[in-house]
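Novice: Contents are mmCIF, C-alpha atoms and all ligand atoms; file name start22.cif:
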```cif
data_protein
#
loop_
_atom_site.label_atom_id
_atom_site.label_comp_id
_atom_site.auth_asym_id
_atom_site.auth_seq_id
_atom_site.Cartn_x
_atom_site.Cartn_y
_atom_site.Cartn_z
CA ASN A 1062 -12.28 20.89 13.64
CA ARG A 1063 -9.62 20.75 10.93
CA LYS A 1064 -11.06 20.70 7.41
CA PHE A 1065 -9.80 20.86 3.85
CA VAL A 1066 -11.90 23.12 1.66
CA LEU A 1067 -11.65 23.49 -2.10
CA ALA A 1068 -9.68 26.73 -2.54
CA GLU A 1069 -9.65 26.81 -6.36
CA ARG A 1070 -10.50 24.51 -9.24
CA PRO A 1071 -7.34 22.79 -10.49
CA VAL A 1072 -6.25 22.79 -14.13
CA GLY A 1073 -4.41 19.51 -14.70
CA VAL A 1074 -2.73 17.99 -11.65
CA PRO A 1075 -4.01 19.47 -8.35
CA THR A 1076 -1.41 21.71 -6.67
CA ASP A 1077 -0.70 23.08 -3.17
CA SER A 1078 -3.23 25.83 -3.75
CA THR A 1079 -6.10 23.50 -4.75
CA LEU A 1080 -7.11 22.72 -1.16
CA ARG A 1081 -6.83 24.89 1.95
CA LEU A 1082 -6.68 23.69 5.54
CA GLU A 1083 -9.00 25.62 7.87
CA THR A 1084 -9.71 25.23 11.56
CA GLU A 1085 -12.97 25.96 13.34
CA GLY A 1086 -14.80 24.84 16.48
CA VAL A 1087 -16.32 21.38 16.69
CA PRO A 1088 -19.74 21.64 15.00
CA VAL A 1089 -22.80 21.45 17.26
CA PRO A 1090 -25.53 19.03 16.19
CA ALA A 1091 -29.11 20.29 15.87
CA ALA A 1092 -32.19 18.27 16.79
CA GLY A 1093 -32.36 15.13 14.61
CA GLN A 1094 -28.62 15.13 13.92
CA MET A 1095 -25.60 13.23 15.15
CA LEU A 1096 -21.98 14.29 15.58
CA LEU A 1097 -19.43 12.02 13.90
CA ARG A 1098 -15.69 11.97 14.52
CA ASN A 1099 -13.98 10.79 11.35
CA GLU A 1100 -11.36 8.11 11.98
CA PHE A 1101 -10.55 7.10 8.38
CA LEU A 1102 -10.92 9.05 5.13
CA SER A 1103 -11.08 7.20 1.83
CA LEU A 1104 -9.08 8.62 -1.09
CA ASP A 1105 -10.71 7.82 -4.41
CA PRO A 1106 -10.08 8.81 -8.03
CA TYR A 1107 -13.61 10.26 -8.44
CA MET A 1108 -12.61 13.14 -6.13
CA ARG A 1109 -10.67 14.69 -9.02
CA GLY A 1110 -13.96 15.01 -10.91
CA ARG A 1111 -15.65 16.75 -7.99
CA MET A 1112 -12.89 19.39 -7.94
CA SER A 1113 -13.87 20.30 -11.49
CA ASP A 1114 -17.04 21.96 -12.77
CA ALA A 1115 -16.88 20.12 -16.11
CA PRO A 1116 -20.12 18.22 -16.90
CA SER A 1117 -20.39 15.10 -14.74
CA TYR A 1118 -22.85 12.69 -13.18
CA ALA A 1119 -22.66 14.54 -9.85
CA ALA A 1120 -22.51 18.16 -8.78
CA PRO A 1121 -19.01 19.52 -8.11
CA VAL A 1122 -17.78 20.62 -4.70
CA GLU A 1123 -18.20 24.40 -4.58
CA VAL A 1124 -15.14 26.58 -4.01
CA GLY A 1125 -14.92 27.21 -0.25
CA GLU A 1126 -16.83 24.01 0.62
CA VAL A 1127 -15.30 21.11 2.51
CA MET A 1128 -13.94 18.45 0.14
CA ILE A 1129 -16.26 15.47 -0.22
CA GLY A 1130 -15.12 12.00 0.84
CA GLY A 1131 -16.24 8.67 2.26
CA THR A 1132 -15.30 8.19 5.90
CA VAL A 1133 -15.39 5.65 8.68
CA ALA A 1134 -16.38 7.50 11.83
CA GLN A 1135 -17.44 7.05 15.41
CA VAL A 1136 -20.67 8.48 16.74
CA ILE A 1137 -19.89 11.04 19.46
CA SER A 1138 -23.48 11.99 20.22
CA SER A 1139 -26.74 11.16 18.49
CA ASP A 1140 -30.30 12.32 18.16
CA VAL A 1141 -30.88 9.94 15.22
CA ALA A 1142 -32.84 6.72 15.68
CA GLY A 1143 -30.68 3.63 15.14
CA PHE A 1144 -27.39 5.35 16.04
CA GLU A 1145 -25.88 5.77 19.47
CA GLU A 1146 -22.65 6.98 21.02
CA GLY A 1147 -19.75 4.65 20.29
CA ASP A 1148 -21.18 3.16 17.10
CA TRP A 1149 -18.84 2.89 14.13
CA VAL A 1150 -20.40 4.09 10.90
CA VAL A 1151 -19.63 4.53 7.21
CA ALA A 1152 -20.62 7.98 6.00
CA PHE A 1153 -19.71 10.75 3.62
CA GLY A 1154 -18.05 12.82 6.33
CA GLY A 1155 -15.61 14.67 4.06
CA TRP A 1156 -12.00 15.75 4.51
CA GLN A 1157 -12.37 16.92 8.12
CA ASP A 1158 -12.22 15.79 11.73
CA TYR A 1159 -15.92 16.08 12.55
CA ALA A 1160 -19.13 15.93 10.56
CA LEU A 1161 -22.83 16.33 11.27
CA SER A 1162 -25.36 13.88 9.82
CA ASP A 1163 -29.08 13.18 9.91
CA GLY A 1164 -28.33 9.52 9.19
CA THR A 1165 -29.14 9.61 5.46
CA GLY A 1166 -26.96 7.11 3.63
CA VAL A 1167 -25.05 6.24 6.82
CA ILE A 1168 -24.36 2.56 7.55
CA ASN A 1169 -24.06 1.44 11.17
CA MET A 1170 -21.29 -1.14 11.78
CA GLY A 1171 -21.94 -1.50 15.51
CA LYS A 1172 -19.60 -1.05 18.44
CA SER A 1173 -16.61 -3.16 17.44
CA PRO A 1174 -16.28 -3.97 13.73
CA GLU A 1175 -13.25 -6.12 12.97
CA ASN A 1176 -11.45 -3.97 10.39
CA PRO A 1177 -13.47 -0.74 10.29
CA SER A 1178 -11.50 0.87 7.45
CA TRP A 1179 -12.22 -2.07 5.13
CA ALA A 1180 -15.71 -0.61 4.79
CA LEU A 1181 -14.06 1.98 2.52
CA GLY A 1182 -12.59 -0.74 0.31
CA VAL A 1183 -13.39 -4.38 -0.24
CA PHE A 1184 -16.62 -4.20 1.78
CA GLY A 1185 -17.64 -0.77 0.51
CA MET A 1186 -17.85 1.37 -2.61
CA PRO A 1187 -14.87 -0.13 -4.50
CA GLY A 1188 -15.95 -3.68 -3.64
CA LEU A 1189 -19.51 -3.11 -4.83
CA THR A 1190 -18.16 -1.45 -7.97
CA ALA A 1191 -16.05 -4.50 -8.75
CA TRP A 1192 -18.77 -7.04 -7.99
CA ALA A 1193 -21.58 -5.24 -9.81
CA GLY A 1194 -19.52 -4.14 -12.81
CA LEU A 1195 -18.20 -7.64 -13.40
CA THR A 1196 -21.33 -9.67 -12.70
CA LYS A 1197 -24.08 -7.37 -13.98
CA ILE A 1198 -22.35 -5.89 -17.03
CA GLY A 1199 -19.51 -8.36 -17.62
CA GLN A 1200 -21.92 -11.35 -17.62
CA PRO A 1201 -19.05 -13.79 -16.96
CA LYS A 1202 -19.15 -17.42 -18.04
CA ALA A 1203 -16.65 -19.98 -16.75
CA GLY A 1204 -13.75 -20.51 -19.11
CA GLU A 1205 -13.86 -17.01 -20.61
CA THR A 1206 -10.91 -14.61 -20.53
CA LEU A 1207 -11.21 -11.51 -18.35
CA VAL A 1208 -8.69 -8.68 -18.61
CA VAL A 1209 -8.64 -6.15 -15.76
CA ALA A 1210 -6.90 -2.77 -15.87
CA GLY A 1211 -5.71 -1.11 -12.67
CA ALA A 1212 -5.31 -4.64 -11.36
CA SER A 1213 -3.54 -3.86 -8.09
CA GLY A 1214 -6.02 -1.19 -6.97
CA PRO A 1215 -9.08 -1.80 -4.79
CA VAL A 1216 -11.52 -2.14 -7.69
CA GLY A 1217 -9.28 -4.08 -10.09
CA ALA A 1218 -7.91 -6.45 -7.46
CA THR A 1219 -11.44 -7.37 -6.43
CA VAL A 1220 -12.68 -7.76 -10.01
CA GLY A 1221 -9.93 -10.23 -10.84
CA GLN A 1222 -10.34 -12.29 -7.69
CA ILE A 1223 -14.10 -12.57 -8.25
CA GLY A 1224 -13.28 -13.61 -11.82
CA LYS A 1225 -11.14 -16.46 -10.49
CA ILE A 1226 -13.92 -17.57 -8.13
CA LEU A 1227 -16.27 -17.66 -11.14
CA GLY A 1228 -13.90 -19.82 -13.17
CA LEU A 1229 -12.47 -17.28 -15.63
CA ARG A 1230 -8.97 -16.95 -16.99
CA VAL A 1231 -7.91 -13.64 -15.48
CA VAL A 1232 -5.17 -11.35 -16.77
CA GLY A 1233 -4.36 -8.15 -14.90
CA ILE A 1234 -2.68 -5.01 -16.20
CA ALA A 1235 -0.67 -2.94 -13.71
CA GLY A 1236 2.23 -0.49 -13.55
CA GLY A 1237 5.58 -2.06 -12.66
CA PRO A 1238 6.98 -5.46 -11.72
CA GLU A 1239 6.21 -5.23 -7.99
CA LYS A 1240 2.49 -4.64 -8.49
CA CYS A 1241 2.36 -7.35 -11.17
CA ARG A 1242 4.04 -9.87 -8.86
CA HIS A 1243 1.50 -9.10 -6.15
CA VAL A 1244 -1.39 -9.49 -8.59
CA VAL A 1245 -0.27 -12.99 -9.58
CA GLU A 1246 1.30 -14.32 -6.38
CA THR A 1247 -1.02 -12.89 -3.73
CA LEU A 1248 -4.24 -12.19 -5.61
CA GLY A 1249 -4.06 -15.34 -7.73
CA PHE A 1250 -4.60 -13.87 -11.21
CA ASP A 1251 -3.34 -16.16 -13.99
CA ASP A 1252 -1.07 -13.46 -15.36
CA CYS A 1253 -0.35 -9.75 -15.05
CA ILE A 1254 1.20 -7.51 -17.68
CA ASP A 1255 3.18 -4.35 -16.90
CA TYR A 1256 1.78 -1.63 -19.16
CA LYS A 1257 4.86 0.53 -18.56
CA ALA A 1258 7.27 -2.12 -19.93
CA ASP A 1259 8.44 -2.27 -23.54
CA GLY A 1260 6.41 -4.57 -25.75
CA PHE A 1261 3.25 -4.24 -23.64
CA PRO A 1262 0.75 -4.87 -26.49
CA GLU A 1263 2.54 -8.07 -27.57
CA ALA A 1264 2.82 -9.30 -23.98
CA LEU A 1265 -0.90 -8.71 -23.47
CA SER A 1266 -1.71 -10.55 -26.67
CA ASN A 1267 0.41 -13.51 -25.57
CA ALA A 1268 -1.33 -13.58 -22.19
CA ALA A 1269 -4.75 -13.78 -23.85
CA PRO A 1270 -4.19 -16.39 -26.59
CA ASP A 1271 -7.94 -16.98 -26.96
CA GLY A 1272 -8.77 -13.26 -27.10
CA ILE A 1273 -10.61 -11.18 -24.52
CA ASP A 1274 -14.25 -11.84 -23.61
CA ILE A 1275 -14.55 -9.23 -20.83
CA TYR A 1276 -12.42 -6.13 -20.42
CA PHE A 1277 -12.96 -4.29 -17.13
CA GLU A 1278 -11.96 -0.71 -17.96
CA ASN A 1279 -10.48 1.35 -15.13
CA VAL A 1280 -7.86 3.42 -16.90
CA GLY A 1281 -8.40 4.19 -20.63
CA GLY A 1282 -5.62 5.69 -22.74
CA ALA A 1283 -2.82 3.52 -24.09
CA VAL A 1284 -4.05 0.48 -22.16
CA PHE A 1285 -7.34 0.49 -24.03
CA ASP A 1286 -5.50 0.87 -27.34
CA ALA A 1287 -3.73 -2.43 -26.65
CA VAL A 1288 -6.94 -4.19 -25.58
CA LEU A 1289 -9.17 -3.17 -28.52
CA PRO A 1290 -7.68 -5.44 -31.22
CA LEU A 1291 -7.78 -8.44 -28.85
CA LEU A 1292 -11.51 -8.27 -28.06
CA ASN A 1293 -13.57 -11.28 -29.12
CA PRO A 1294 -16.94 -11.06 -30.85
CA SER A 1295 -19.66 -10.27 -28.28
CA ALA A 1296 -17.11 -9.11 -25.71
CA ARG A 1297 -18.42 -7.03 -22.79
CA ILE A 1298 -16.70 -3.89 -21.52
CA PRO A 1299 -17.86 -2.49 -18.19
CA VAL A 1300 -16.54 1.08 -18.38
CA CYS A 1301 -15.84 1.83 -14.75
CA GLY A 1302 -13.18 4.54 -14.85
CA LEU A 1303 -10.60 6.31 -17.02
CA ILE A 1304 -8.01 7.30 -14.45
CA SER A 1305 -5.30 7.92 -17.05
CA GLN A 1306 -7.39 10.89 -18.26
CA TYR A 1307 -8.53 12.54 -15.02
CA ASN A 1308 -5.77 15.18 -14.99
CA ALA A 1309 -5.79 15.68 -18.76
CA THR A 1310 -6.42 19.21 -20.02
CA SER A 1311 -7.02 18.31 -23.67
CA LEU A 1312 -7.77 15.33 -25.90
CA PRO A 1313 -4.71 13.22 -26.89
CA ASP A 1314 -2.97 13.89 -30.20
CA GLY A 1315 -4.51 12.34 -33.32
CA PRO A 1316 -5.03 10.52 -35.57
CA ASP A 1317 -8.74 10.41 -34.77
CA ARG A 1318 -9.56 6.80 -33.89
CA MET A 1319 -13.26 7.25 -33.23
CA ASN A 1320 -14.27 5.22 -36.30
CA LEU A 1321 -11.81 2.48 -35.40
CA LEU A 1322 -13.63 2.16 -32.10
CA LEU A 1323 -17.12 2.38 -33.57
CA GLY A 1324 -16.17 -0.09 -36.30
CA ALA A 1325 -14.99 -2.58 -33.68
CA ILE A 1326 -18.19 -2.12 -31.69
CA LEU A 1327 -20.22 -2.78 -34.83
CA ARG A 1328 -18.31 -5.69 -36.34
CA LYS A 1329 -17.64 -7.48 -33.08
CA ARG A 1330 -21.05 -6.64 -31.55
CA LEU A 1331 -19.34 -5.30 -28.44
CA THR A 1332 -21.30 -4.31 -25.37
CA VAL A 1333 -19.74 -1.16 -23.94
CA ARG A 1334 -21.57 0.09 -20.86
CA GLY A 1335 -20.62 2.75 -18.37
CA PHE A 1336 -22.02 2.76 -14.85
CA ILE A 1337 -22.07 4.85 -11.69
CA VAL A 1338 -22.02 2.42 -8.82
CA PHE A 1339 -24.56 3.69 -6.31
CA ASP A 1340 -26.92 5.13 -8.95
CA ASP A 1341 -27.00 1.96 -11.01
CA PHE A 1342 -26.31 -0.83 -8.54
CA GLY A 1343 -26.88 0.57 -5.05
CA GLN A 1344 -29.87 -1.72 -4.58
CA TYR A 1345 -27.53 -4.73 -4.66
CA TYR A 1346 -25.52 -3.60 -1.65
CA PRO A 1347 -27.04 -6.13 0.82
CA GLU A 1348 -26.53 -9.04 -1.60
CA PHE A 1349 -22.98 -7.93 -2.36
CA SER A 1350 -22.19 -7.40 1.30
CA ALA A 1351 -23.27 -10.90 2.34
CA GLN A 1352 -21.41 -12.51 -0.56
CA MET A 1353 -18.21 -10.55 -0.02
CA GLY A 1354 -18.30 -11.29 3.71
CA ASP A 1355 -18.33 -15.00 2.93
CA TRP A 1356 -15.56 -14.79 0.34
CA VAL A 1357 -13.24 -12.81 2.59
CA ALA A 1358 -13.96 -15.09 5.57
CA GLN A 1359 -13.11 -18.10 3.38
CA GLY A 1360 -9.84 -16.51 2.28
CA LEU A 1361 -10.97 -16.35 -1.36
CA ILE A 1362 -10.48 -12.59 -1.58
CA GLN A 1363 -7.28 -10.88 -0.39
CA TYR A 1364 -7.29 -7.19 0.45
CA ARG A 1365 -4.36 -4.81 0.55
CA GLU A 1366 -4.66 -1.44 2.24
CA GLU A 1367 -2.23 1.47 2.49
CA VAL A 1368 -2.89 3.54 5.62
CA ILE A 1369 -1.35 7.03 5.74
CA VAL A 1370 -1.49 8.77 9.12
CA GLY A 1371 -2.51 12.43 9.45
CA LEU A 1372 -5.27 14.46 7.79
CA GLU A 1373 -2.63 16.96 6.62
CA GLN A 1374 -1.18 14.21 4.37
CA ALA A 1375 -4.42 13.87 2.40
CA PRO A 1376 -3.76 16.33 -0.47
CA SER A 1377 -0.36 14.93 -1.43
CA ALA A 1378 -1.56 11.34 -0.92
CA PHE A 1379 -4.45 12.09 -3.28
CA VAL A 1380 -2.24 13.51 -6.02
CA GLY A 1381 -0.01 10.45 -5.65
CA LEU A 1382 -3.05 8.21 -6.08
CA LEU A 1383 -3.79 9.78 -9.46
CA GLN A 1384 -0.17 9.23 -10.49
CA GLY A 1385 0.03 5.53 -9.69
CA GLU A 1386 1.81 5.80 -6.32
CA ALA A 1387 -0.85 3.91 -4.37
CA PHE A 1388 -0.32 0.18 -3.90
CA GLY A 1389 -3.64 -1.10 -2.59
CA LYS A 1390 -6.52 0.90 -1.17
CA ARG A 1391 -5.27 4.28 0.06
CA VAL A 1392 -6.92 5.59 3.25
CA ILE A 1393 -6.01 8.40 5.60
CA LYS A 1394 -6.10 7.64 9.35
CA LEU A 1395 -6.91 11.09 10.61
CA ASN A 1396 -5.05 10.90 13.91
CA ASP A 1397 -2.29 8.75 15.37
P1 LIG B 1401 -6.90 2.76 -7.86
O1 LIG B 1401 -6.34 2.80 -6.52
O2 LIG B 1401 -6.75 1.52 -8.66
O3 LIG B 1401 -6.39 3.97 -8.71
C1 LIG B 1401 -5.12 4.29 -8.74
C2 LIG B 1401 -4.39 3.38 -9.75
O4 LIG B 1401 -4.68 3.73 -11.09
C3 LIG B 1401 -2.94 3.61 -9.58
O5 LIG B 1401 -2.40 2.87 -8.53
C4 LIG B 1401 -2.40 3.25 -10.94
O6 LIG B 1401 -2.03 1.91 -10.93
C5 LIG B 1401 -3.55 3.44 -11.89
N1 LIG B 1401 -3.20 4.55 -12.79
C6 LIG B 1401 -2.97 5.82 -12.47
N2 LIG B 1401 -2.65 6.53 -13.55
C7 LIG B 1401 -2.68 5.68 -14.60
C8 LIG B 1401 -2.44 5.80 -15.99
N3 LIG B 1401 -2.08 6.98 -16.54
N4 LIG B 1401 -2.58 4.72 -16.77
C9 LIG B 1401 -2.92 3.55 -16.24
N5 LIG B 1401 -3.15 3.37 -14.93
C10 LIG B 1401 -3.04 4.42 -14.12
O7 LIG B 1401 -8.42 3.21 -7.83
P2 LIG B 1401 -9.75 2.42 -7.59
O8 LIG B 1401 -9.53 0.96 -7.59
O9 LIG B 1401 -10.40 3.07 -6.45
O10 LIG B 1401 -10.58 2.82 -8.88
C11 LIG B 1401 -10.27 2.25 -10.13
C12 LIG B 1401 -11.09 2.93 -11.22
O11 LIG B 1401 -12.47 2.75 -10.96
C13 LIG B 1401 -10.88 4.44 -11.31
O12 LIG B 1401 -10.85 4.81 -12.65
C14 LIG B 1401 -12.11 5.01 -10.62
O13 LIG B 1401 -12.42 6.29 -11.05
C15 LIG B 1401 -13.13 3.99 -11.01
N6 LIG B 1401 -14.31 3.90 -10.15
C16 LIG B 1401 -15.54 4.03 -10.74
C17 LIG B 1401 -16.70 3.89 -10.03
C18 LIG B 1401 -17.99 4.00 -10.74
O14 LIG B 1401 -19.04 4.06 -10.10
N7 LIG B 1401 -17.99 4.01 -12.06
C19 LIG B 1401 -16.67 3.65 -8.58
C20 LIG B 1401 -15.32 3.47 -8.05
C21 LIG B 1401 -14.20 3.61 -8.82
P3 LIG B 1401 -0.71 1.47 -11.72
O15 LIG B 1401 0.45 1.77 -10.84
O16 LIG B 1401 -0.96 0.06 -11.97
O17 LIG B 1401 -0.67 2.34 -12.94
#
```
Turn the structure described in the file into structure tokens.
Ligand code: NDP
Specialist:
Amino acid sequence: NRKFVLAERPVGVPTDSTLRLETEGVPVPAAGQMLLRNEFLSLDPYMRGRMSDAPSYAAPVEVGEVMIGGTVAQVISSDVAGFEEGDWVVAFGGWQDYALSDGTGVINMGKSPENPSWALGVFGMPGLTAWAGLTKIGQPKAGETLVVAGASGPVGATVGQIGKILGLRVVGIAGGPEKCRHVVETLGFDDCIDYKADGFPEALSNAAPDGIDIYFENVGGAVFDAVLPLLNPSARIPVCGLISQYNATSLPDGPDRMNLLLGAILRKRLTVRGFIVFDDFGQYYPEFSAQMGDWVAQGLIQYREEVIVGLEQAPSAFVGLLQGEAFGKRVIKLND
């Protein structure tokens, strides 16, 4: 069993010494457990938070422990009711070849799911995040303008496409012309603005001539600075993630804009609400799952995945994810 354990807590960008590859025997399941062989490992921005012991909504990974991660796995042997050898499952199997489980939180996909790894993306945690954040907090109404940051990633891409289904004007924000082209031409957003290009705030303003009614926040930083003045009265802001800040070691340079933000919240009666997907919206998973299944089957939602082969690639692929290298949902296929 190959496994990546947390070797030390990173300061800033994770380095080669953040994670350590160890090898041990295949774990032996006890009574009431099953043995899972991980086939796909999801790479997600939240993992940076778990490497840190700063205050968070979830406990950090301890130094020396295997790194946490969502996986798609096959059941090798099982003493758990409802799971048998050969079943494909979604689990939190971690950054390793094999994992033991008592079935808690594990979803059985049966013997031959069509695209098993999609359960880590459009049909899984990022998909539910997009659907719940937009519909439950965003409260969309047809004809409104939705702006989505991180628009080419698994969450943002899904948010914007659901927005189109619901009759919104949808403007994405993404890094670089290639991602922006994909967001408009393949995902069907009305427009997409490159936040790395000169004149980004003006371009965003031009793309949202009627202002912004919903801003789906995935990134924070300079992107939010450009959005704030464009928000309409009673705008809703699902605060999903702040990926531009995850490797930051200090607050950005001043001036202090806290009262600018609070003033906007007050005058414009903004609704700004953070959420943690499974804690806040886990109960909607069956409803989401049925709805997303229909949308994907009807071709209304497109999904882009980036599969990287080899568990040993995971650390560098993860650092790249935090730096904007990923184009679509990044998963590791553990073996060739
Ligand atoms: P993504 O694959 O979209 O994340 C990577 C993307 O973020 C990159 O491709 C890059 O896109 C963008 N990015 C990276 N650095 C910056 C930066 N400095 N400024 C602006 N954009 C940047 O991830 P997901 O779709 O999986 O997740 C999106 C967000 O949702 C994350 O913030 C994540 O933490 C959050 N999330 C929150 C959940 C919750 O329960 N609250 C659950 C799941 C996700 P580009 O090249 O366009 O810059």
Novice: For a cutoff of 10 Å around the file-coordinate point (-12.6, -4.1, -11.5), which residues qualify once you count only C-alpha atoms? I'd like the result as a PyMOL selection string.
Specialist: chain A and resi 1187-1195+1208-1224+1233+1276-1279+1299-1302
Novice: Can you report as AutoDock Vina command-line options the centre and edge lengths in Å, to one decimal, of an axis-aligned box around the listed atoms of ligand LIG 1401 (chain B) padded with 4 Å on each side?
Specialist:
```
--center_x -9.3 --center_y 3.5 --center_z -11.6 --size_x 27.5 --size_y 14.9 --size_z 18.3
```
Novice: With distances taken over only C-alpha atoms, which residue among A:Thr1132, A:Asn1062, A:Thr1079, A:Thr1196 lies nearest Val1380 in chain A?
Specialist: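 Among A:Thr1132, A:Asn1062, A:Thr1079, A:Thr1196, it is A:Thr1079 that comes nearest to Val1380 in chain A.
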Novice: Given the choices A:Glu1175, A:Glu1373, A:Asp1158, A:Asp1163, which gets closest to Asp1140 in chain A if the distance is worked out from all atoms listed in the file?
Specialist: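 Checking each candidate against Asp1140 in chain A, we get A:Asp1163 as the closest.
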Novice: Take atom C1 of ligand LIG 1401 (chain B) and CA of Arg1070 in chain A and report the distance between them in Å, one decimal.
Specialist: 20.9 Å
Novice: Find the spatial neighbours of Ala1142 in chain A, counting only C-alpha atoms, within a cut-off of 10 Å - ignore same-chain residues fewer than 6 positions away - and output them as a PyMOL selection string.
Specialist: chain A and resi 1093-1095+1163-1164
Novice: Would you mind telling me which residue in A:Gly1154, A:Gly1086, A:Gly1199, A:Pro1316 lies nearest to Ser1295 in chain A when using all atoms listed in the file?
Specialist: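 So, comparing all the options, the nearest one is A:Gly1199.
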Novice: Around (-15.0, -7.6, 0.2), as given in the file, which residues come within 8 Å? Count all atoms listed in the file and list them as a list in words.
Specialist: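 Returned residue set, sorted by chain then number, is Trp1179, Gly1182, Val1183, Phe1184, Gly1185, Gly1188, Thr1219, Ser1350, Met1353, Gly1354, Trp1356, Val1357, Ile1362 and Tyr1364 of chain A.
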Novice: Selected residues, C-alpha atoms, written as a CSV table (one decimal), in the coordinates of the input, please.
Specialist:
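Saved to result_13.csv:
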```
chain,number,residue,atom,x,y,z
A,1179,TRP,CA,-12.2,-2.1,5.1
A,1182,GLY,CA,-12.6,-0.7,0.3
A,1183,VAL,CA,-13.4,-4.4,-0.2
A,1184,PHE,CA,-16.6,-4.2,1.8
A,1185,GLY,CA,-17.6,-0.8,0.5
A,1188,GLY,CA,-16.0,-3.7,-3.6
A,1219,THR,CA,-11.4,-7.4,-6.4
A,1350,SER,CA,-22.2,-7.4,1.3
A,1353,MET,CA,-18.2,-10.6,0.0
A,1354,GLY,CA,-18.3,-11.3,3.7
A,1356,TRP,CA,-15.6,-14.8,0.3
A,1357,VAL,CA,-13.2,-12.8,2.6
A,1362,ILE,CA,-10.5,-12.6,-1.6
A,1364,TYR,CA,-7.3,-7.2,0.4
```
Novice: Compare A:Gly1385, A:Gly1228, A:Gly1155, A:Gly1335 by their minimum atom-to-atom distance to ligand LIG 1401 (chain B), counting all atoms listed in the file, and give me the closest one.
Specialist: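 Closest residue, counting all atoms listed in the file: A:Gly1385.
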Novice: A:Pro1075, A:Gly1343, A:Gly1249, A:Gly1315: which is nearest ligand LIG 1401 (chain B), counting only C-alpha atoms and all ligand atoms?
Specialist: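 So, comparing all the options, the nearest one is A:Gly1343.
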Novice: What's the 8 Å shell around Leu1229 in chain A, counting all atoms listed in the file, without same-chain residues fewer than 2 positions away, as a ChimeraX atom specification?
Specialist: /A:1201-1207,1224-1227,1231
Novice: Nearest to Gln1306 in chain A among A:Val1333, A:Gly1282, A:Thr1084, A:Arg1063, with distances taken over all atoms listed in the file: which residue is it?
Specialist: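 The shortest atom-to-atom distance to Gln1306 in chain A comes from A:Gly1282.
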Novice: What does the distance between CA of Asp1255 in chain A and atom N6 of ligand LIG 1401 (chain B) come to in Å, to one decimal place?
Specialist: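 Answer for the CA of Asp1255 in chain A to atom N6 of ligand LIG 1401 (chain B) separation: 20.5 Å.
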Novice: Could you check how far atom O5 of ligand LIG 1401 (chain B) sits from CA of Pro1106 in chain A, in Å to one decimal?
Specialist: 9.7 Å
Novice: N, CA and C atoms are needed for range 1248-1259 of chain A; please write them out as a PDB file, in the frame of the given file.
Specialist:
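Everything below was put into out.pdb:
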```
ATOM      1  N   LEU A1248      -2.819 -12.253  -5.235  1.00  0.00           N
ATOM      2  CA  LEU A1248      -4.240 -12.190  -5.610  1.00  0.00           C
ATOM      3  C   LEU A1248      -4.674 -13.382  -6.448  1.00  0.00           C
ATOM      4  N   GLY A1249      -3.705 -14.110  -7.025  1.00  0.00           N
ATOM      5  CA  GLY A1249      -4.060 -15.340  -7.730  1.00  0.00           C
ATOM      6  C   GLY A1249      -4.541 -15.174  -9.157  1.00  0.00           C
ATOM      7  N   PHE A1250      -4.281 -14.006  -9.781  1.00  0.00           N
ATOM      8  CA  PHE A1250      -4.600 -13.870 -11.210  1.00  0.00           C
ATOM      9  C   PHE A1250      -3.711 -14.855 -11.983  1.00  0.00           C
ATOM     10  N   ASP A1251      -4.145 -15.246 -13.183  1.00  0.00           N
ATOM     11  CA  ASP A1251      -3.340 -16.160 -13.990  1.00  0.00           C
ATOM     12  C   ASP A1251      -2.094 -15.478 -14.524  1.00  0.00           C
ATOM     13  N   ASP A1252      -2.204 -14.186 -14.799  1.00  0.00           N
ATOM     14  CA  ASP A1252      -1.070 -13.460 -15.360  1.00  0.00           C
ATOM     15  C   ASP A1252      -1.278 -11.975 -15.077  1.00  0.00           C
ATOM     16  N   CYS A1253      -0.203 -11.197 -15.176  1.00  0.00           N
ATOM     17  CA  CYS A1253      -0.350  -9.750 -15.050  1.00  0.00           C
ATOM     18  C   CYS A1253       0.715  -9.096 -15.915  1.00  0.00           C
ATOM     19  N   ILE A1254       0.307  -8.138 -16.717  1.00  0.00           N
ATOM     20  CA  ILE A1254       1.200  -7.510 -17.680  1.00  0.00           C
ATOM     21  C   ILE A1254       1.464  -6.063 -17.235  1.00  0.00           C
ATOM     22  N   ASP A1255       2.739  -5.700 -17.286  1.00  0.00           N
ATOM     23  CA  ASP A1255       3.180  -4.350 -16.900  1.00  0.00           C
ATOM     24  C   ASP A1255       3.007  -3.418 -18.099  1.00  0.00           C
ATOM     25  N   TYR A1256       2.060  -2.484 -17.997  1.00  0.00           N
ATOM     26  CA  TYR A1256       1.780  -1.630 -19.160  1.00  0.00           C
ATOM     27  C   TYR A1256       2.872  -0.590 -19.387  1.00  0.00           C
ATOM     28  N   LYS A1257       3.771  -0.447 -18.392  1.00  0.00           N
ATOM     29  CA  LYS A1257       4.860   0.530 -18.560  1.00  0.00           C
ATOM     30  C   LYS A1257       6.089  -0.092 -19.232  1.00  0.00           C
ATOM     31  N   ALA A1258       6.099  -1.427 -19.359  1.00  0.00           N
ATOM     32  CA  ALA A1258       7.270  -2.120 -19.930  1.00  0.00           C
ATOM     33  C   ALA A1258       7.216  -2.092 -21.458  1.00  0.00           C
ATOM     34  N   ASP A1259       8.387  -2.186 -22.076  1.00  0.00           N
ATOM     35  CA  ASP A1259       8.440  -2.270 -23.540  1.00  0.00           C
ATOM     36  C   ASP A1259       7.686  -3.508 -24.004  1.00  0.00           C
TER      37      ASP A1259
END
```
